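Q: Structure file work_18.cif, mmCIF, all heavy atoms, is pasted below:
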data_start
#
loop_
_atom_site.label_atom_id
_atom_site.label_comp_id
_atom_site.auth_asym_id
_atom_site.auth_seq_id
_atom_site.Cartn_x
_atom_site.Cartn_y
_atom_site.Cartn_z
N MET A 1 -27.18 5.87 0.73
CA MET A 1 -26.81 4.55 1.15
C MET A 1 -25.81 3.92 0.18
O MET A 1 -24.80 3.39 0.59
CB MET A 1 -28.07 3.69 1.29
CG MET A 1 -27.80 2.28 1.67
SD MET A 1 -27.65 2.16 3.46
CE MET A 1 -27.65 0.42 3.65
N HIS A 2 -26.08 4.03 -1.10
CA HIS A 2 -25.17 3.45 -2.09
C HIS A 2 -23.83 4.15 -2.11
O HIS A 2 -22.81 3.52 -2.33
CB HIS A 2 -25.80 3.50 -3.49
CG HIS A 2 -26.99 2.60 -3.62
ND1 HIS A 2 -26.86 1.24 -3.64
CD2 HIS A 2 -28.31 2.86 -3.70
CE1 HIS A 2 -28.06 0.70 -3.74
NE2 HIS A 2 -28.96 1.67 -3.78
N VAL A 3 -23.81 5.44 -1.86
CA VAL A 3 -22.56 6.18 -1.83
C VAL A 3 -21.68 5.68 -0.69
O VAL A 3 -20.49 5.45 -0.85
CB VAL A 3 -22.81 7.70 -1.69
CG1 VAL A 3 -21.51 8.45 -1.50
CG2 VAL A 3 -23.57 8.23 -2.90
N ILE A 4 -22.27 5.47 0.46
CA ILE A 4 -21.52 4.97 1.62
C ILE A 4 -21.01 3.57 1.35
O ILE A 4 -19.86 3.26 1.60
CB ILE A 4 -22.39 5.01 2.90
CG1 ILE A 4 -22.67 6.46 3.27
CG2 ILE A 4 -21.70 4.28 4.04
CD1 ILE A 4 -23.68 6.64 4.37
N ASP A 5 -21.85 2.69 0.79
CA ASP A 5 -21.43 1.33 0.45
C ASP A 5 -20.26 1.36 -0.52
O ASP A 5 -19.29 0.63 -0.37
CB ASP A 5 -22.58 0.53 -0.15
CG ASP A 5 -23.66 0.20 0.87
OD1 ASP A 5 -23.38 0.28 2.08
OD2 ASP A 5 -24.78 -0.14 0.44
N GLY A 6 -20.34 2.22 -1.52
CA GLY A 6 -19.26 2.34 -2.50
C GLY A 6 -17.98 2.83 -1.86
O GLY A 6 -16.89 2.34 -2.16
N ALA A 7 -18.09 3.78 -0.94
CA ALA A 7 -16.91 4.29 -0.24
C ALA A 7 -16.28 3.21 0.62
O ALA A 7 -15.06 3.08 0.68
CB ALA A 7 -17.28 5.50 0.61
N ASP A 8 -17.12 2.41 1.28
CA ASP A 8 -16.60 1.32 2.10
C ASP A 8 -15.86 0.29 1.25
O ASP A 8 -14.81 -0.19 1.63
CB ASP A 8 -17.73 0.63 2.86
CG ASP A 8 -18.28 1.48 4.00
OD1 ASP A 8 -17.60 2.45 4.39
OD2 ASP A 8 -19.37 1.16 4.49
N ARG A 9 -16.42 -0.01 0.10
CA ARG A 9 -15.76 -0.97 -0.80
C ARG A 9 -14.44 -0.42 -1.29
O ARG A 9 -13.45 -1.15 -1.34
CB ARG A 9 -16.67 -1.31 -1.98
CG ARG A 9 -17.49 -2.53 -1.74
CD ARG A 9 -18.25 -2.96 -2.97
NE ARG A 9 -19.65 -2.82 -2.62
CZ ARG A 9 -20.54 -2.07 -3.24
NH1 ARG A 9 -20.20 -1.40 -4.29
NH2 ARG A 9 -21.77 -2.01 -2.82
N THR A 10 -14.42 0.85 -1.65
CA THR A 10 -13.18 1.47 -2.12
C THR A 10 -12.14 1.45 -1.02
O THR A 10 -10.99 1.08 -1.26
CB THR A 10 -13.44 2.92 -2.59
OG1 THR A 10 -14.38 2.89 -3.66
CG2 THR A 10 -12.17 3.58 -3.04
N THR A 11 -12.52 1.81 0.19
CA THR A 11 -11.59 1.79 1.31
C THR A 11 -11.08 0.38 1.55
O THR A 11 -9.89 0.18 1.79
CB THR A 11 -12.28 2.33 2.58
OG1 THR A 11 -12.72 3.66 2.31
CG2 THR A 11 -11.34 2.35 3.75
N GLY A 12 -11.95 -0.61 1.45
CA GLY A 12 -11.55 -2.01 1.63
C GLY A 12 -10.57 -2.45 0.56
O GLY A 12 -9.58 -3.13 0.86
N LEU A 13 -10.82 -2.05 -0.68
CA LEU A 13 -9.90 -2.39 -1.76
C LEU A 13 -8.55 -1.71 -1.58
O LEU A 13 -7.50 -2.30 -1.82
CB LEU A 13 -10.51 -2.01 -3.12
CG LEU A 13 -11.66 -2.88 -3.60
CD1 LEU A 13 -12.27 -2.27 -4.86
CD2 LEU A 13 -11.19 -4.29 -3.86
N GLU A 14 -8.58 -0.45 -1.16
CA GLU A 14 -7.33 0.27 -0.92
C GLU A 14 -6.53 -0.41 0.19
O GLU A 14 -5.31 -0.56 0.08
CB GLU A 14 -7.61 1.72 -0.56
CG GLU A 14 -8.10 2.55 -1.72
CD GLU A 14 -8.58 3.93 -1.31
OE1 GLU A 14 -8.65 4.22 -0.10
OE2 GLU A 14 -8.91 4.71 -2.20
N GLN A 15 -7.22 -0.83 1.25
CA GLN A 15 -6.54 -1.50 2.36
C GLN A 15 -5.95 -2.84 1.90
O GLN A 15 -4.81 -3.17 2.23
CB GLN A 15 -7.48 -1.72 3.54
CG GLN A 15 -6.81 -2.37 4.73
CD GLN A 15 -5.65 -1.56 5.27
OE1 GLN A 15 -5.79 -0.37 5.52
NE2 GLN A 15 -4.50 -2.18 5.44
N ALA A 16 -6.71 -3.59 1.13
CA ALA A 16 -6.23 -4.87 0.62
C ALA A 16 -5.01 -4.67 -0.27
O ALA A 16 -4.02 -5.41 -0.18
CB ALA A 16 -7.34 -5.59 -0.13
N SER A 17 -5.08 -3.66 -1.11
CA SER A 17 -3.96 -3.34 -1.99
C SER A 17 -2.71 -2.97 -1.18
O SER A 17 -1.60 -3.40 -1.49
CB SER A 17 -4.35 -2.18 -2.91
OG SER A 17 -3.26 -1.74 -3.65
N THR A 18 -2.90 -2.18 -0.13
CA THR A 18 -1.78 -1.79 0.72
C THR A 18 -1.23 -3.00 1.47
O THR A 18 -0.02 -3.14 1.61
CB THR A 18 -2.22 -0.70 1.72
OG1 THR A 18 -2.64 0.44 0.96
CG2 THR A 18 -1.09 -0.29 2.63
N ASP A 19 -2.10 -3.90 1.91
CA ASP A 19 -1.66 -5.11 2.59
C ASP A 19 -0.80 -5.97 1.66
O ASP A 19 0.24 -6.50 2.08
CB ASP A 19 -2.85 -5.93 3.08
CG ASP A 19 -3.61 -5.25 4.22
OD1 ASP A 19 -3.09 -4.26 4.79
OD2 ASP A 19 -4.73 -5.70 4.52
N VAL A 20 -1.21 -6.10 0.41
CA VAL A 20 -0.44 -6.87 -0.56
C VAL A 20 0.91 -6.20 -0.81
O VAL A 20 1.95 -6.86 -0.87
CB VAL A 20 -1.23 -7.04 -1.88
CG1 VAL A 20 -0.35 -7.58 -2.99
CG2 VAL A 20 -2.43 -7.93 -1.66
N LEU A 21 0.90 -4.89 -0.91
CA LEU A 21 2.14 -4.14 -1.12
C LEU A 21 3.09 -4.31 0.07
O LEU A 21 4.29 -4.52 -0.12
CB LEU A 21 1.82 -2.66 -1.34
CG LEU A 21 2.97 -1.76 -1.76
CD1 LEU A 21 3.58 -2.21 -3.08
CD2 LEU A 21 2.50 -0.33 -1.87
N ALA A 22 2.55 -4.27 1.27
CA ALA A 22 3.38 -4.47 2.47
C ALA A 22 3.96 -5.88 2.50
O ALA A 22 5.14 -6.06 2.85
CB ALA A 22 2.55 -4.20 3.72
N ALA A 23 3.17 -6.87 2.11
CA ALA A 23 3.67 -8.24 2.07
C ALA A 23 4.77 -8.38 1.02
O ALA A 23 5.78 -9.06 1.24
CB ALA A 23 2.52 -9.20 1.78
N ALA A 24 4.59 -7.73 -0.12
CA ALA A 24 5.61 -7.76 -1.18
C ALA A 24 6.90 -7.11 -0.69
O ALA A 24 8.00 -7.60 -0.99
CB ALA A 24 5.10 -7.05 -2.43
N TYR A 25 6.76 -6.05 0.06
CA TYR A 25 7.93 -5.36 0.63
C TYR A 25 8.69 -6.30 1.56
O TYR A 25 9.91 -6.44 1.46
CB TYR A 25 7.47 -4.10 1.37
CG TYR A 25 8.57 -3.35 2.07
CD1 TYR A 25 9.47 -2.57 1.35
CD2 TYR A 25 8.71 -3.42 3.45
CE1 TYR A 25 10.49 -1.87 2.00
CE2 TYR A 25 9.72 -2.72 4.10
CZ TYR A 25 10.60 -1.96 3.37
OH TYR A 25 11.61 -1.28 4.00
N GLN A 26 7.97 -6.96 2.47
CA GLN A 26 8.60 -7.89 3.39
C GLN A 26 9.27 -9.05 2.64
O GLN A 26 10.38 -9.46 2.99
CB GLN A 26 7.57 -8.44 4.38
CG GLN A 26 7.04 -7.41 5.35
CD GLN A 26 8.13 -6.85 6.24
OE1 GLN A 26 9.02 -7.56 6.69
NE2 GLN A 26 8.06 -5.56 6.49
N GLU A 27 8.62 -9.55 1.62
CA GLU A 27 9.17 -10.65 0.83
C GLU A 27 10.42 -10.20 0.06
O GLU A 27 11.40 -10.92 -0.02
CB GLU A 27 8.11 -11.17 -0.15
CG GLU A 27 8.47 -12.45 -0.83
CD GLU A 27 8.46 -13.66 0.08
OE1 GLU A 27 7.84 -13.62 1.17
OE2 GLU A 27 9.09 -14.67 -0.28
N ALA A 28 10.37 -9.00 -0.48
CA ALA A 28 11.53 -8.46 -1.20
C ALA A 28 12.73 -8.34 -0.27
O ALA A 28 13.86 -8.66 -0.66
CB ALA A 28 11.19 -7.10 -1.82
N LEU A 29 12.49 -7.89 0.95
CA LEU A 29 13.57 -7.80 1.93
C LEU A 29 14.12 -9.19 2.25
O LEU A 29 15.34 -9.39 2.28
CB LEU A 29 13.08 -7.14 3.23
CG LEU A 29 12.81 -5.65 3.18
CD1 LEU A 29 12.17 -5.19 4.49
CD2 LEU A 29 14.09 -4.87 2.92
N ALA A 30 13.22 -10.14 2.49
CA ALA A 30 13.63 -11.50 2.84
C ALA A 30 14.43 -12.17 1.72
O ALA A 30 15.37 -12.92 1.99
CB ALA A 30 12.41 -12.33 3.19
N LEU A 31 14.04 -11.89 0.48
CA LEU A 31 14.72 -12.50 -0.66
C LEU A 31 15.98 -11.75 -1.07
O LEU A 31 16.72 -12.23 -1.92
CB LEU A 31 13.76 -12.57 -1.85
CG LEU A 31 12.57 -13.52 -1.69
CD1 LEU A 31 11.61 -13.35 -2.86
CD2 LEU A 31 13.04 -14.96 -1.58
N GLY A 32 16.18 -10.58 -0.50
CA GLY A 32 17.36 -9.79 -0.85
C GLY A 32 17.30 -9.23 -2.26
O GLY A 32 18.31 -9.14 -2.94
N LEU A 33 16.09 -8.86 -2.69
CA LEU A 33 15.95 -8.28 -4.02
C LEU A 33 16.66 -6.94 -4.09
O LEU A 33 17.09 -6.39 -3.08
CB LEU A 33 14.47 -8.14 -4.38
CG LEU A 33 13.69 -9.45 -4.47
CD1 LEU A 33 12.25 -9.18 -4.87
CD2 LEU A 33 14.33 -10.44 -5.43
N SER A 34 16.76 -6.41 -5.28
CA SER A 34 17.54 -5.19 -5.49
C SER A 34 17.07 -4.05 -4.60
O SER A 34 15.89 -3.89 -4.31
CB SER A 34 17.48 -4.76 -6.95
OG SER A 34 16.25 -4.15 -7.24
N ARG A 35 18.03 -3.25 -4.20
CA ARG A 35 17.75 -2.10 -3.34
C ARG A 35 16.79 -1.13 -4.02
O ARG A 35 15.91 -0.57 -3.37
CB ARG A 35 19.06 -1.40 -2.98
CG ARG A 35 18.88 -0.19 -2.11
CD ARG A 35 20.12 0.12 -1.29
NE ARG A 35 20.01 1.35 -0.55
CZ ARG A 35 19.30 1.49 0.57
NH1 ARG A 35 18.65 0.47 1.07
NH2 ARG A 35 19.25 2.65 1.20
N GLU A 36 16.93 -0.97 -5.33
CA GLU A 36 16.05 -0.05 -6.07
C GLU A 36 14.60 -0.51 -5.99
O GLU A 36 13.69 0.29 -5.80
CB GLU A 36 16.50 0.06 -7.54
CG GLU A 36 17.81 0.76 -7.73
CD GLU A 36 19.02 -0.17 -7.54
OE1 GLU A 36 18.84 -1.41 -7.49
OE2 GLU A 36 20.13 0.34 -7.40
N PHE A 37 14.38 -1.81 -6.14
CA PHE A 37 13.02 -2.35 -6.08
C PHE A 37 12.44 -2.16 -4.69
O PHE A 37 11.30 -1.72 -4.54
CB PHE A 37 13.03 -3.83 -6.47
CG PHE A 37 11.66 -4.45 -6.47
CD1 PHE A 37 10.74 -4.13 -7.45
CD2 PHE A 37 11.30 -5.37 -5.50
CE1 PHE A 37 9.48 -4.69 -7.46
CE2 PHE A 37 10.04 -5.94 -5.50
CZ PHE A 37 9.13 -5.61 -6.49
N ILE A 38 13.22 -2.45 -3.68
CA ILE A 38 12.77 -2.29 -2.30
C ILE A 38 12.45 -0.82 -2.01
O ILE A 38 11.44 -0.51 -1.37
CB ILE A 38 13.82 -2.85 -1.31
CG1 ILE A 38 13.86 -4.38 -1.46
CG2 ILE A 38 13.51 -2.44 0.12
CD1 ILE A 38 15.00 -5.05 -0.74
N LEU A 39 13.27 0.08 -2.50
CA LEU A 39 13.02 1.51 -2.28
C LEU A 39 11.74 1.97 -2.98
O LEU A 39 11.01 2.81 -2.44
CB LEU A 39 14.22 2.34 -2.75
CG LEU A 39 15.45 2.25 -1.85
CD1 LEU A 39 16.64 2.99 -2.49
CD2 LEU A 39 15.17 2.77 -0.46
N LEU A 40 11.45 1.42 -4.15
CA LEU A 40 10.20 1.76 -4.84
C LEU A 40 8.99 1.31 -4.02
O LEU A 40 8.02 2.05 -3.86
CB LEU A 40 10.14 1.11 -6.22
CG LEU A 40 10.98 1.75 -7.31
CD1 LEU A 40 10.95 0.88 -8.57
CD2 LEU A 40 10.47 3.14 -7.62
N LEU A 41 9.05 0.09 -3.49
CA LEU A 41 7.96 -0.40 -2.64
C LEU A 41 7.82 0.46 -1.39
O LEU A 41 6.71 0.84 -1.00
CB LEU A 41 8.21 -1.86 -2.23
CG LEU A 41 8.13 -2.90 -3.34
CD1 LEU A 41 8.60 -4.25 -2.82
CD2 LEU A 41 6.72 -3.00 -3.89
N GLU A 42 8.95 0.78 -0.78
CA GLU A 42 8.95 1.60 0.43
C GLU A 42 8.35 2.98 0.16
O GLU A 42 7.53 3.48 0.94
CB GLU A 42 10.37 1.73 0.95
CG GLU A 42 10.49 2.37 2.30
CD GLU A 42 11.91 2.33 2.78
OE1 GLU A 42 12.65 3.29 2.47
OE2 GLU A 42 12.28 1.37 3.46
N LYS A 43 8.74 3.57 -0.95
CA LYS A 43 8.24 4.90 -1.31
C LYS A 43 6.72 4.88 -1.48
O LYS A 43 6.02 5.78 -1.00
CB LYS A 43 8.92 5.37 -2.60
CG LYS A 43 8.51 6.75 -3.04
CD LYS A 43 9.27 7.14 -4.29
CE LYS A 43 8.83 8.50 -4.77
NZ LYS A 43 9.55 8.90 -5.99
N GLU A 44 6.19 3.84 -2.13
CA GLU A 44 4.75 3.73 -2.33
C GLU A 44 4.03 3.52 -1.00
O GLU A 44 2.98 4.11 -0.75
CB GLU A 44 4.43 2.60 -3.31
CG GLU A 44 2.96 2.41 -3.57
CD GLU A 44 2.25 3.61 -4.18
OE1 GLU A 44 2.91 4.53 -4.71
OE2 GLU A 44 1.01 3.65 -4.13
N LEU A 45 4.58 2.69 -0.13
CA LEU A 45 3.97 2.48 1.18
C LEU A 45 3.93 3.78 1.98
O LEU A 45 2.93 4.10 2.62
CB LEU A 45 4.72 1.40 1.96
CG LEU A 45 4.44 -0.04 1.53
CD1 LEU A 45 5.45 -0.99 2.15
CD2 LEU A 45 3.03 -0.45 1.89
N LEU A 46 5.00 4.54 1.94
CA LEU A 46 5.05 5.82 2.66
C LEU A 46 4.05 6.82 2.07
O LEU A 46 3.41 7.56 2.79
CB LEU A 46 6.47 6.39 2.64
CG LEU A 46 7.48 5.64 3.48
CD1 LEU A 46 8.89 6.16 3.21
CD2 LEU A 46 7.14 5.72 4.95
N ARG A 47 3.92 6.81 0.75
CA ARG A 47 2.96 7.70 0.09
C ARG A 47 1.53 7.38 0.54
O ARG A 47 0.74 8.26 0.87
CB ARG A 47 3.06 7.58 -1.43
CG ARG A 47 2.15 8.56 -2.18
CD ARG A 47 2.08 8.27 -3.66
NE ARG A 47 1.39 7.03 -3.95
CZ ARG A 47 0.05 6.86 -3.93
NH1 ARG A 47 -0.74 7.85 -3.59
NH2 ARG A 47 -0.49 5.70 -4.23
N ARG A 48 1.23 6.08 0.58
CA ARG A 48 -0.12 5.67 1.00
C ARG A 48 -0.37 6.03 2.46
O ARG A 48 -1.46 6.44 2.81
CB ARG A 48 -0.31 4.18 0.78
CG ARG A 48 -0.40 3.83 -0.69
CD ARG A 48 -0.52 2.36 -0.91
NE ARG A 48 -0.47 2.05 -2.33
CZ ARG A 48 -1.14 1.05 -2.88
NH1 ARG A 48 -1.90 0.28 -2.15
NH2 ARG A 48 -1.03 0.83 -4.17
N ALA A 49 0.63 5.85 3.30
CA ALA A 49 0.48 6.19 4.72
C ALA A 49 0.24 7.69 4.87
O ALA A 49 -0.61 8.12 5.66
CB ALA A 49 1.71 5.76 5.50
N SER A 50 0.97 8.48 4.12
CA SER A 50 0.83 9.92 4.16
C SER A 50 -0.56 10.34 3.68
O SER A 50 -1.20 11.23 4.24
CB SER A 50 1.90 10.57 3.30
OG SER A 50 1.70 11.95 3.19
N GLU A 51 -1.03 9.67 2.63
CA GLU A 51 -2.35 9.94 2.08
C GLU A 51 -3.44 9.66 3.12
O GLU A 51 -4.39 10.40 3.25
CB GLU A 51 -2.57 9.04 0.87
CG GLU A 51 -3.29 9.65 -0.28
CD GLU A 51 -3.28 8.72 -1.47
OE1 GLU A 51 -3.82 7.61 -1.38
OE2 GLU A 51 -2.72 9.12 -2.50
N ARG A 52 -3.29 8.59 3.86
CA ARG A 52 -4.27 8.25 4.89
C ARG A 52 -4.30 9.26 6.01
O ARG A 52 -5.35 9.59 6.53
CB ARG A 52 -3.95 6.88 5.49
CG ARG A 52 -4.47 5.80 4.65
CD ARG A 52 -4.48 4.53 5.40
NE ARG A 52 -4.94 3.57 4.41
CZ ARG A 52 -5.13 2.34 4.64
NH1 ARG A 52 -4.90 1.86 5.83
NH2 ARG A 52 -5.54 1.54 3.71
N ARG A 53 -3.13 9.70 6.42
CA ARG A 53 -3.08 10.70 7.50
C ARG A 53 -3.73 11.99 7.06
O ARG A 53 -4.35 12.69 7.86
CB ARG A 53 -1.64 10.96 7.91
CG ARG A 53 -1.08 9.90 8.81
CD ARG A 53 0.26 10.31 9.35
NE ARG A 53 1.25 10.46 8.32
CZ ARG A 53 2.15 9.53 8.00
NH1 ARG A 53 2.18 8.41 8.65
NH2 ARG A 53 3.02 9.75 7.06
N GLY A 54 -3.64 12.31 5.77
CA GLY A 54 -4.22 13.52 5.24
C GLY A 54 -5.73 13.46 5.06
O GLY A 54 -6.40 14.47 4.98
N SER A 55 -6.27 12.25 5.02
CA SER A 55 -7.71 12.14 4.76
C SER A 55 -8.53 11.97 6.00
O SER A 55 -8.13 11.97 7.08
CB SER A 55 -8.01 10.97 3.82
OG SER A 55 -7.52 9.76 4.33
#
Take the structure from the file and write it as structure tokens.
A:
Amino acid sequence: MHVIDGADRTTGLEQASTDVLAAAYQEALALGLSREFILLLEKELLRRASERRGS
């Protein structure tokens, strides 16, 4: 039971972290921040999406 609860919390934290990252990406685009910064955010979002598909 505790293992499942811990996994749910971890998944929730990962989702929240990804949501914040996605919001930062949208904000960076809206503000016209540097292309390098936007590409770093994009790369991390794609990595997380790929990780989810693999799990």
Q: Any idea what the distance is between atom O of Glu27 of chain A and atom CG of Glu51 of chain A?
A: 25.3 Å
Q: Need the neighbours of (8.0, 0.8, -3.3): which residues are at most 12 Å away, counting only C-alpha atoms, as a list in words?
A: Thr18, Val20, Leu21, Ala22, Ala23, Ala24, Tyr25, Gln26, Ala28, Leu29, Ser34, Arg35, Glu36, Phe37, Ile38, Leu39, Leu40, Leu41, Glu42, Lys43, Glu44, Leu45, Leu46, Arg47 and Arg48 of chain A
Q: What is the atom N of Glu14 of chain A to atom CZ of Arg52 of chain A distance in Å?
A: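 We find that atom N of Glu14 of chain A and atom CZ of Arg52 of chain A lie 7.3 Å from each other.
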Q: Work out how far atom N of Ala16 of chain A is from atom N of Ala30 of chain A, in Å to one decimal.
A: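 Interatomic distance here is 21.0 Å.
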